[in-house]
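Undergrad: Below is the file input-v6.csv, which contains CSV, C-alpha atoms (C1' of nucleotides).
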chain,number,residue,atom,x,y,z
A,174,MET,CA,11.4,26.4,-22.6
A,175,ARG,CA,9.0,26.3,-25.5
A,176,LYS,CA,5.3,26.9,-24.9
A,177,VAL,CA,4.0,24.8,-27.7
A,178,PHE,CA,5.2,21.9,-29.7
A,179,LEU,CA,4.1,20.5,-33.0
A,180,PHE,CA,5.4,17.6,-35.1
A,181,MET,CA,5.4,19.0,-38.6
A,182,ASP,CA,6.7,18.7,-42.1
A,183,THR,CA,7.4,15.6,-44.2
A,184,ILE,CA,10.9,14.2,-44.1
A,185,ILE,CA,12.4,11.3,-45.9
A,186,ASN,CA,15.3,9.4,-44.3
A,187,LYS,CA,17.3,6.3,-45.0
A,188,VAL,CA,16.8,3.1,-42.9
A,189,ASP,CA,20.0,1.1,-42.6
A,190,ALA,CA,20.5,-2.7,-42.3
A,191,LYS,CA,20.2,-2.5,-38.5
A,192,GLY,CA,16.9,-0.6,-38.7
A,193,ARG,CA,18.5,2.7,-37.7
A,194,VAL,CA,17.0,5.9,-38.9
A,195,SER,CA,17.7,9.6,-38.2
A,196,LEU,CA,14.9,11.2,-36.3
A,197,PRO,CA,14.2,14.6,-38.0
A,198,SER,CA,16.2,17.2,-36.2
A,199,ASP,CA,13.1,19.3,-35.5
A,200,TYR,CA,11.6,16.3,-33.6
A,201,ARG,CA,14.8,15.9,-31.7
A,202,ALA,CA,14.7,19.5,-30.6
A,203,ILE,CA,11.2,19.0,-29.2
A,204,VAL,CA,12.2,15.9,-27.3
A,205,LYS,CA,15.2,17.7,-25.8
A,206,ASP,CA,13.4,20.9,-24.9
A,207,LEU,CA,10.6,19.1,-23.2
A,208,GLU,CA,12.9,16.5,-21.6
A,209,SER,CA,10.7,13.8,-22.8
A,210,GLU,CA,11.2,10.7,-24.9
A,211,ILE,CA,9.8,9.4,-28.2
A,212,VAL,CA,7.4,6.5,-28.1
A,213,CYS,CA,6.3,4.6,-31.1
A,214,TYR,CA,3.7,1.9,-31.8
A,215,ARG,CA,1.8,0.3,-34.7
A,216,SER,CA,-1.1,2.4,-35.9
A,217,LEU,CA,-4.4,0.7,-35.0
A,218,SER,CA,-6.0,1.4,-38.3
A,219,LEU,CA,-3.3,2.1,-40.9
A,220,PRO,CA,-0.1,0.4,-42.2
A,221,CYS,CA,2.2,2.9,-40.6
A,222,ILE,CA,4.1,3.5,-37.4
A,223,GLU,CA,2.8,6.2,-35.1
A,224,GLY,CA,4.9,8.2,-32.7
A,225,CYS,CA,4.4,10.8,-29.9
A,226,LEU,CA,6.0,12.0,-26.8
A,227,GLU,CA,6.1,9.8,-23.7
A,228,GLU,CA,4.3,12.5,-21.8
A,229,THR,CA,1.4,12.3,-24.2
A,230,LEU,CA,0.9,8.6,-23.5
A,231,ASP,CA,1.4,9.3,-19.8
A,232,LYS,CA,-1.5,11.7,-19.9
A,233,LEU,CA,-3.6,8.9,-21.4
A,234,ALA,CA,-2.5,6.5,-18.6
A,235,THR,CA,-3.5,9.1,-16.0
A,236,ASP,CA,-6.9,9.7,-17.7
A,237,ILE,CA,-7.5,6.0,-17.6
A,238,GLU,CA,-6.5,5.7,-13.9
A,239,ASP,CA,-8.7,8.6,-13.0
A,240,SER,CA,-11.7,7.5,-14.9
A,241,THR,CA,-11.9,3.9,-13.8
A,242,ASP,CA,-11.1,2.1,-10.6
A,243,PHE,CA,-8.1,-0.2,-10.2
A,244,PHE,CA,-9.9,-3.4,-11.1
A,245,SER,CA,-12.0,-2.2,-13.9
A,246,GLU,CA,-12.1,-4.3,-17.0
A,247,THR,CA,-13.6,-1.7,-19.3
A,248,GLN,CA,-10.3,0.0,-20.2
A,249,ASP,CA,-8.2,-3.1,-19.8
A,250,ASN,CA,-8.4,-4.1,-23.4
A,251,LEU,CA,-7.3,-0.8,-24.6
A,252,THR,CA,-4.3,-0.5,-22.3
A,253,ASN,CA,-3.1,-3.9,-23.4
A,254,LEU,CA,-3.3,-3.0,-27.0
A,255,ILE,CA,-1.7,0.5,-26.7
A,256,PHE,CA,0.9,0.1,-24.0
A,257,GLY,CA,1.7,-3.5,-25.0
A,258,ASP,CA,2.7,-2.3,-28.4
A,259,ALA,CA,4.3,1.0,-27.6
A,260,LYS,CA,8.0,1.4,-26.8
A,261,ARG,CA,10.4,4.1,-25.9
A,262,PHE,CA,12.9,5.0,-28.5
A,263,THR,CA,15.9,7.1,-27.4
A,264,PHE,CA,18.2,8.5,-30.0
A,265,ASP,CA,22.0,8.3,-29.9
A,266,SER,CA,24.5,11.2,-30.2
A,267,THR,CA,24.0,11.3,-34.0
A,268,GLY,CA,20.2,11.5,-33.6
A,269,ARG,CA,19.2,8.0,-34.7
A,270,ILE,CA,16.6,5.6,-33.3
A,271,MET,CA,16.5,1.9,-33.9
A,272,LEU,CA,13.1,0.8,-35.1
A,273,SER,CA,12.1,-2.8,-34.3
A,274,GLU,CA,11.4,-5.5,-36.8
A,275,LYS,CA,7.8,-5.6,-35.7
A,276,LEU,CA,7.2,-1.9,-36.4
A,277,LEU,CA,9.1,-1.9,-39.8
A,278,LYS,CA,7.1,-4.9,-40.9
A,279,HIS,CA,3.8,-3.4,-40.0
A,280,ALA,CA,4.6,-0.3,-42.0
A,281,GLY,CA,6.2,-2.2,-44.9
A,282,ILE,CA,9.4,-0.2,-44.4
A,283,THR,CA,12.7,-1.6,-45.8
A,284,ASP,CA,15.3,1.0,-46.7
A,285,THR,CA,13.4,4.3,-46.6
A,286,ALA,CA,11.1,6.0,-44.1
A,287,VAL,CA,8.9,9.0,-44.5
A,288,PHE,CA,8.2,11.0,-41.3
A,289,VAL,CA,4.8,12.9,-41.5
A,290,GLY,CA,4.0,15.4,-38.8
A,291,LYS,CA,0.6,15.3,-37.3
A,292,GLY,CA,0.7,17.9,-34.5
A,293,ARG,CA,1.0,16.1,-31.2
A,294,LYS,CA,1.8,12.9,-33.1
A,295,PHE,CA,3.7,11.9,-36.2
A,296,GLN,CA,3.6,8.9,-38.5
A,297,ILE,CA,6.3,6.9,-40.2
A,298,TRP,CA,5.5,5.5,-43.6
A,299,ASN,CA,6.9,3.4,-46.4
A,300,PRO,CA,7.3,6.0,-49.3
A,301,GLU,CA,5.0,4.3,-51.8
A,302,ASN,CA,2.2,3.8,-49.2
A,303,TRP,CA,2.4,7.3,-48.0
A,304,GLU,CA,2.1,8.6,-51.6
A,305,LYS,CA,-1.1,6.6,-52.0
A,306,GLU,CA,-2.4,7.6,-48.6
A,307,GLU,CA,-1.8,11.3,-49.2
A,308,GLN,CA,-3.6,11.0,-52.5
A,309,ARG,CA,-6.5,9.3,-50.8
A,310,ILE,CA,-6.7,11.9,-48.1
A,311,ARG,CA,-6.6,14.7,-50.6
A,312,GLU,CA,-9.5,13.2,-52.5
A,313,GLU,CA,-11.5,12.6,-49.4
A,314,VAL,CA,-11.0,16.1,-48.1
A,315,LEU,CA,-12.0,17.6,-51.5
A,316,LYS,CA,-15.1,15.4,-51.5
A,317,ASN,CA,-16.1,16.5,-48.1
A,318,ARG,CA,-15.3,20.1,-48.6
A,319,PRO,CA,-18.9,21.4,-48.2
A,320,VAL,CA,-19.4,19.4,-45.0
A,321,LEU,CA,-16.1,20.5,-43.6
A,322,LYS,CA,-17.0,24.1,-44.2
A,323,LYS,CA,-20.5,23.6,-42.7
A,324,GLN,CA,-19.0,22.1,-39.6
A,325,LYS,CA,-16.7,25.0,-39.2
A,326,ASP,CA,-19.6,27.5,-39.6
A,327,THR,CA,-21.8,25.8,-37.1
A,328,GLU,CA,-19.1,25.7,-34.4
B,5,MET,CA,15.1,11.7,-12.7
B,6,ARG,CA,12.2,10.7,-14.9
B,7,LYS,CA,9.0,12.7,-14.9
B,8,VAL,CA,6.8,9.8,-15.9
B,9,PHE,CA,6.8,6.0,-15.9
B,10,LEU,CA,5.1,3.6,-18.2
B,11,PHE,CA,5.3,-0.1,-18.5
B,12,MET,CA,5.3,-0.7,-22.2
B,13,ASP,CA,6.1,-3.1,-25.0
B,14,THR,CA,5.7,-6.9,-25.2
B,15,ILE,CA,8.8,-8.9,-24.3
B,16,ILE,CA,9.4,-12.7,-24.4
B,17,ASN,CA,11.8,-14.2,-21.9
B,18,LYS,CA,12.8,-17.6,-20.9
B,19,VAL,CA,11.9,-19.1,-17.5
B,20,ASP,CA,14.6,-21.5,-16.3
B,21,ALA,CA,14.2,-24.7,-14.3
B,22,LYS,CA,14.5,-22.7,-11.0
B,23,GLY,CA,11.6,-20.4,-12.0
B,24,ARG,CA,13.9,-17.5,-12.7
B,25,VAL,CA,13.1,-15.0,-15.4
B,26,SER,CA,14.7,-11.7,-16.5
B,27,LEU,CA,12.6,-8.7,-15.8
B,28,PRO,CA,12.7,-6.5,-19.0
B,29,SER,CA,15.4,-4.0,-18.7
B,30,ASP,CA,13.0,-1.1,-19.3
B,31,TYR,CA,11.0,-2.2,-16.3
B,32,ARG,CA,14.1,-2.5,-14.1
B,33,ALA,CA,15.1,1.0,-15.1
B,34,ILE,CA,11.8,2.3,-13.8
B,35,VAL,CA,12.1,0.4,-10.5
B,36,LYS,CA,15.6,1.8,-10.0
B,37,ASP,CA,14.8,5.4,-11.0
B,38,LEU,CA,11.8,5.5,-8.7
B,39,GLU,CA,13.5,3.5,-5.9
B,40,SER,CA,10.5,1.3,-5.7
B,41,GLU,CA,9.8,-2.4,-5.9
B,42,ILE,CA,7.9,-4.8,-8.2
B,43,VAL,CA,4.8,-6.4,-6.8
B,44,CYS,CA,3.1,-9.3,-8.5
B,45,TYR,CA,-0.2,-11.0,-7.9
B,46,ARG,CA,-2.7,-13.3,-9.7
B,47,SER,CA,-5.0,-11.4,-12.1
B,48,LEU,CA,-8.6,-11.5,-10.7
B,49,SER,CA,-10.2,-12.1,-14.1
B,50,LEU,CA,-7.6,-13.6,-16.4
B,51,PRO,CA,-5.1,-16.5,-16.4
B,52,CYS,CA,-2.1,-14.2,-16.1
B,53,ILE,CA,0.2,-12.6,-13.5
B,54,GLU,CA,-0.2,-8.9,-12.9
B,55,GLY,CA,2.5,-6.7,-11.7
B,56,CYS,CA,3.0,-3.0,-10.8
B,57,LEU,CA,5.1,-0.8,-8.6
B,58,GLU,CA,4.7,-1.1,-4.8
B,59,GLU,CA,3.9,2.6,-4.7
B,60,THR,CA,1.0,1.9,-7.1
B,61,LEU,CA,-0.6,-0.5,-4.7
B,62,ASP,CA,0.2,1.9,-1.9
B,63,LYS,CA,-1.8,4.6,-3.7
B,64,LEU,CA,-4.6,2.1,-4.1
B,65,ALA,CA,-4.6,1.5,-0.3
B,66,THR,CA,-4.8,5.2,0.3
B,67,ASP,CA,-7.6,5.6,-2.2
B,68,ILE,CA,-9.6,2.9,-0.4
B,69,GLU,CA,-9.0,4.5,3.0
B,70,ASP,CA,-10.2,7.8,1.7
B,71,SER,CA,-13.2,6.5,-0.2
B,72,THR,CA,-16.7,6.5,1.3
B,73,ASP,CA,-16.8,2.8,0.7
B,74,PHE,CA,-14.4,2.1,3.5
B,75,PHE,CA,-16.6,-0.5,4.9
B,76,SER,CA,-18.0,-1.8,1.6
B,77,GLU,CA,-18.1,-5.5,1.4
B,78,THR,CA,-17.0,-5.7,-2.2
B,79,GLN,CA,-14.1,-3.4,-1.6
B,80,ASP,CA,-13.2,-5.6,1.4
B,81,ASN,CA,-13.3,-8.7,-0.6
B,82,LEU,CA,-11.1,-7.2,-3.4
B,83,THR,CA,-8.5,-5.9,-1.0
B,84,ASN,CA,-8.4,-9.2,0.7
B,85,LEU,CA,-7.7,-10.9,-2.6
B,86,ILE,CA,-5.2,-8.5,-3.9
B,87,PHE,CA,-3.2,-7.7,-0.8
B,88,GLY,CA,-3.5,-11.3,0.4
B,89,ASP,CA,-2.0,-12.4,-2.9
B,90,ALA,CA,0.5,-9.7,-3.7
B,91,LYS,CA,4.2,-10.1,-3.0
B,92,ARG,CA,7.3,-8.1,-3.5
B,93,PHE,CA,9.7,-9.5,-6.1
B,94,THR,CA,13.2,-8.1,-6.1
B,95,PHE,CA,15.6,-8.8,-8.9
B,96,ASP,CA,19.2,-10.0,-8.5
B,97,SER,CA,22.3,-8.5,-9.9
B,98,THR,CA,21.6,-10.0,-13.3
B,99,GLY,CA,18.1,-8.6,-13.4
B,100,ARG,CA,16.1,-11.7,-12.7
B,101,ILE,CA,13.1,-12.3,-10.4
B,102,MET,CA,12.0,-15.7,-9.2
B,103,LEU,CA,8.3,-16.2,-9.7
B,104,SER,CA,6.5,-18.5,-7.3
B,105,GLU,CA,4.9,-21.8,-8.2
B,106,LYS,CA,1.5,-20.3,-7.3
B,107,LEU,CA,1.8,-17.5,-9.8
B,108,LEU,CA,3.3,-19.6,-12.6
B,109,LYS,CA,0.5,-22.2,-12.2
B,110,HIS,CA,-2.2,-19.6,-12.3
B,111,ALA,CA,-0.8,-18.3,-15.6
B,112,GLY,CA,0.1,-21.7,-17.0
B,113,ILE,CA,3.7,-20.6,-17.5
B,114,THR,CA,6.3,-23.3,-17.8
B,115,ASP,CA,9.4,-22.3,-19.8
B,116,THR,CA,8.5,-19.0,-21.5
B,117,ALA,CA,6.9,-15.8,-20.2
B,118,VAL,CA,5.5,-12.9,-22.1
B,119,PHE,CA,5.6,-9.5,-20.4
B,120,VAL,CA,2.9,-7.1,-21.7
B,121,GLY,CA,3.0,-3.5,-20.7
B,122,LYS,CA,-0.2,-1.8,-19.5
B,123,GLY,CA,0.9,1.6,-18.5
B,124,ARG,CA,1.0,1.7,-14.7
B,125,LYS,CA,0.7,-2.1,-14.6
B,126,PHE,CA,2.0,-5.0,-16.7
B,127,GLN,CA,1.0,-8.6,-17.2
B,128,ILE,CA,2.9,-11.8,-17.5
B,129,TRP,CA,1.4,-14.5,-19.8
B,130,ASN,CA,2.0,-17.9,-21.2
B,131,PRO,CA,2.8,-17.3,-24.9
B,132,GLU,CA,-0.1,-19.3,-26.4
B,133,ASN,CA,-2.6,-17.8,-24.0
B,134,TRP,CA,-1.4,-14.3,-24.8
B,135,GLU,CA,-1.6,-14.9,-28.5
B,136,LYS,CA,-5.3,-15.9,-28.1
B,137,GLU,CA,-6.0,-13.0,-25.7
B,138,GLU,CA,-4.4,-10.4,-28.0
B,139,GLN,CA,-6.5,-11.7,-30.9
B,140,ARG,CA,-9.6,-11.5,-28.8
B,141,ILE,CA,-8.9,-7.9,-27.7
B,142,ARG,CA,-8.2,-6.8,-31.3
B,143,GLU,CA,-11.5,-8.2,-32.4
B,144,GLU,CA,-13.3,-6.5,-29.5
B,145,VAL,CA,-11.7,-3.2,-30.0
B,146,LEU,CA,-12.4,-3.2,-33.7
B,147,LYS,CA,-16.0,-4.1,-32.9
B,148,ASN,CA,-16.2,-1.2,-30.5
B,149,ARG,CA,-14.4,1.3,-32.8
B,150,PRO,CA,-17.0,4.0,-32.3
B,151,VAL,CA,-16.5,3.9,-28.6
B,152,LEU,CA,-12.7,4.1,-29.0
B,153,LYS,CA,-13.1,7.1,-31.3
B,154,LYS,CA,-15.4,8.9,-28.9
B,155,GLN,CA,-12.9,8.4,-26.1
B,156,LYS,CA,-10.2,9.7,-28.2
B,157,ASP,CA,-12.2,12.7,-29.2
B,158,THR,CA,-12.8,13.7,-25.7
B,159,GLU,CA,-9.2,14.0,-24.9
C,298,DT,C1',21.7,-32.4,5.7
C,299,DT,C1',18.8,-31.7,2.1
C,300,DG,C1',16.2,-28.7,-0.6
C,301,DA,C1',15.4,-24.3,-1.9
C,302,DA,C1',16.7,-19.6,-2.5
C,303,DT,C1',20.2,-16.2,-3.4
C,304,DC,C1',24.5,-14.8,-5.3
C,305,DC,C1',28.3,-14.8,-8.5
C,306,DC,C1',30.7,-15.8,-12.9
C,307,DA,C1',30.9,-16.7,-17.9
C,308,DT,C1',29.3,-16.0,-22.6
C,309,DA,C1',26.9,-15.0,-26.8
C,310,DA,C1',24.0,-11.8,-28.9
C,311,DA,C1',21.9,-7.6,-29.2
C,312,DA,C1',21.6,-2.8,-28.3
C,313,DT,C1',24.0,1.4,-27.8
C,314,DA,C1',27.6,4.9,-28.1
C,315,DC,C1',31.2,6.7,-30.7
C,316,DC,C1',34.0,8.2,-34.8
C,317,DA,C1',34.5,9.6,-39.7
C,318,DT,C1',32.9,11.6,-43.9
C,319,DG,C1',30.3,13.6,-47.5
C,320,DT,C1',26.3,16.5,-48.1
C,321,DT,C1',23.1,20.0,-47.3
C,322,DA,C1',21.6,24.0,-45.1
C,323,DT,C1',22.7,28.3,-42.7
C,324,DA,C1',25.2,32.4,-41.6
C,325,DC,C1',28.2,35.9,-42.9
C,326,DC,C1',30.5,39.3,-45.6
C,327,DA,C1',31.8,41.8,-49.7
D,143,DT,C1',22.7,39.9,-54.2
D,144,DG,C1',26.2,36.6,-54.9
D,145,DG,C1',29.6,33.9,-53.2
D,146,DT,C1',32.1,31.8,-49.5
D,147,DA,C1',32.9,30.1,-44.8
D,148,DT,C1',30.7,27.7,-41.2
D,149,DA,C1',27.8,24.8,-38.9
D,150,DA,C1',24.4,21.2,-38.8
D,151,DC,C1',22.9,17.0,-40.6
D,152,DA,C1',22.5,12.3,-42.5
D,153,DT,C1',24.6,8.1,-42.8
D,154,DG,C1',28.1,4.3,-43.0
D,155,DG,C1',31.2,1.9,-40.2
D,156,DT,C1',33.3,0.3,-35.7
D,157,DA,C1',33.9,-0.1,-30.8
D,158,DT,C1',31.9,-0.6,-26.4
D,159,DT,C1',28.3,-1.7,-23.3
D,160,DT,C1',24.2,-3.9,-21.9
D,161,DT,C1',21.3,-7.8,-21.7
D,162,DA,C1',19.6,-12.4,-21.5
D,163,DT,C1',20.6,-16.8,-19.9
D,164,DG,C1',23.1,-21.1,-18.5
D,165,DG,C1',25.8,-23.1,-14.9
D,166,DG,C1',27.7,-23.4,-10.6
D,167,DA,C1',28.9,-21.9,-5.6
D,168,DT,C1',27.2,-20.3,-1.3
D,169,DT,C1',23.9,-19.3,2.2
D,170,DC,C1',19.8,-20.2,4.8
D,171,DA,C1',16.1,-22.7,6.9
D,172,DA,C1',13.5,-26.7,8.0
Show this structure as structure tokens.

TA:
Amino acid sequence: MRKVFLFMDTIINKVDAKGRVSLPSDYRAIVKDLESEIVCYRSLSLPCIEGCLEETLDKLATDIEDSTDFFSETQDNLTNLIFGDAKRFTFDSTGRIMLSEKLLKHAGITDTAVFVGKGRKFQIWNPENWEKEEQRIREEVLKNRPVLKKQKDTE
Amino acid sequence: MRKVFLFMDTIINKVDAKGRVSLPSDYRAIVKDLESEIVCYRSLSLPCIEGCLEETLDKLATDIEDSTDFFSETQDNLTNLIFGDAKRFTFDSTGRIMLSEKLLKHAGITDTAVFVGKGRKFQIWNPENWEKEEQRIREEVLKNRPVLKKQKDTE
DNA sequence: TTGAATCCCATAAAATACCATGTTATACCA
DNA sequence: TGGTATAACATGGTATTTTATGGGATTCAA
């Protein structure tokens, strides 16, 4: 059993007419090893699909349970938004998942999907949008280089 | 056997003239796997039906027993409301439950029901009401973005 | 016996599993 | 190191299963 898991790399796969797309084989290996499942949902802030392991979301659910009482309304909004949008995606024997129309539309994905590893999570992008986003991120990181360094130093 | 369970996704199903509605198949799978039952009751604060596993309510009962507020009046009132209202709903061989007139009326549901996953719980809405509620939540969450971020960071 | 609840059957559509093939990546050996 | 054999992978297509949902038959209770 693996001690750690990280969704990594950037992988481009085709999306067919049914919305089927191969989950990168590295991701599948993680799911199998940890006996978990992939869960996807629309990013709250970006035009992309976000994914993680079911156990990651389960941890979130437990945290919410533990931090508030059963009838609390404070976390109600959040759980509706996150769990109401999320969905399990199991892959078939050939390693494909079937993304829903809702998710594909949110990310503007038609025939090609870009999987971007983010550690505990990953994202799925439309290729053009990802190119732009990557550019934007690179610029922002460069701009904030001194701050980034300072933060590291002070920690 | 599954390690975790989460009610997720948003699913729209028809309610027929007899008040029958298909429980989403993912939800049924959870009930079967955990050999539990679905329990529904009127939401205390919203015009919707709330549902969860019977074992979740059982856990609530235990927590209340164990809490120092055993004789608290507010706790008393809440448990009266919830347990007085809650009821088991078993699904038939085709996966349908029959919602009561009381619940349907409270949620304003006539011929269509929207199931919204909330993690350990789920809600059942009238489509128009849910649309409005979702809009409201999105606006509120966006407004409270810093709070959301802080919560995320502490994970 | 009448109304309501439960069960059973039928069907269309959608989701899922399976098979086949070309391609790419990996392992192996000279 | 170069070349070849082997395995893994992505992907198109098809078959099978599951699901939602309408309609009736049967059971149960008031």

Undergrad: Using all atoms listed in the file, find the one residue out of B:Ile113, B:Ile128, B:Ile53, B:Val43 that sits nearest to Thr94 (chain B).

TA: B:Val43

Undergrad: Give as a ChimeraX atom specification every residue of chain A that touches chain D within 10 Å, counting only C-alpha atoms (C1' of nucleotides).

TA: /A:186-189,193-198,267-269

Undergrad: For a quick check: superposing chain A on chain B using all C-alpha atoms in order, what RMSD comes out?

TA: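 The superposed chains show a C-alpha RMSD of 1.7 Å.
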
Undergrad: Using all atoms listed in the file, which chain A residues lie at most 6 Å away from chain B, written as an MDAnalysis selection string?

TA: chainID A and resid 234 250 252:253 256:260

Undergrad: Just give me the gap between CA of Glu69 (chain B) and CA of Glu246 (chain A) in Å, one decimal is fine.

TA: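 Spanning CA of Glu69 (chain B) to CA of Glu246 (chain A) is a straight-line distance of 22.1 Å.
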
Undergrad: Restore N, CA and C atoms in region 270-281 of chain A and list the result as a compact mmCIF listing (two decimals), in the frame of the given file.

TA:
# COMPACT_ATOMS: atom_id res chain seq x y z
N ILE A 270 17.32 6.64 -34.08
CA ILE A 270 16.60 5.60 -33.30
C ILE A 270 16.68 4.32 -34.03
N MET A 271 16.46 3.24 -33.30
CA MET A 271 16.50 1.90 -33.90
C MET A 271 15.10 1.31 -33.89
N LEU A 272 14.45 1.31 -35.03
CA LEU A 272 13.10 0.80 -35.10
C LEU A 272 13.13 -0.75 -35.07
N SER A 273 12.15 -1.33 -34.42
CA SER A 273 12.10 -2.80 -34.30
C SER A 273 11.57 -3.44 -35.55
N GLU A 274 11.86 -4.69 -35.68
CA GLU A 274 11.40 -5.50 -36.80
C GLU A 274 9.88 -5.46 -36.91
N LYS A 275 9.25 -5.56 -35.76
CA LYS A 275 7.80 -5.60 -35.70
C LYS A 275 7.18 -4.32 -36.32
N LEU A 276 7.72 -3.18 -35.95
CA LEU A 276 7.20 -1.90 -36.40
C LEU A 276 7.47 -1.76 -37.94
N LEU A 277 8.70 -2.07 -38.35
CA LEU A 277 9.10 -1.90 -39.80
C LEU A 277 8.18 -2.81 -40.63
N LYS A 278 7.93 -4.01 -40.14
CA LYS A 278 7.10 -4.90 -40.90
C LYS A 278 5.67 -4.41 -41.03
N HIS A 279 5.14 -3.92 -39.95
CA HIS A 279 3.80 -3.40 -40.00
C HIS A 279 3.61 -2.29 -40.99
N ALA A 280 4.64 -1.48 -41.13
CA ALA A 280 4.60 -0.30 -42.00
C ALA A 280 5.13 -0.66 -43.42
N GLY A 281 5.66 -1.87 -43.57
CA GLY A 281 6.20 -2.20 -44.90
C GLY A 281 7.45 -1.42 -45.22
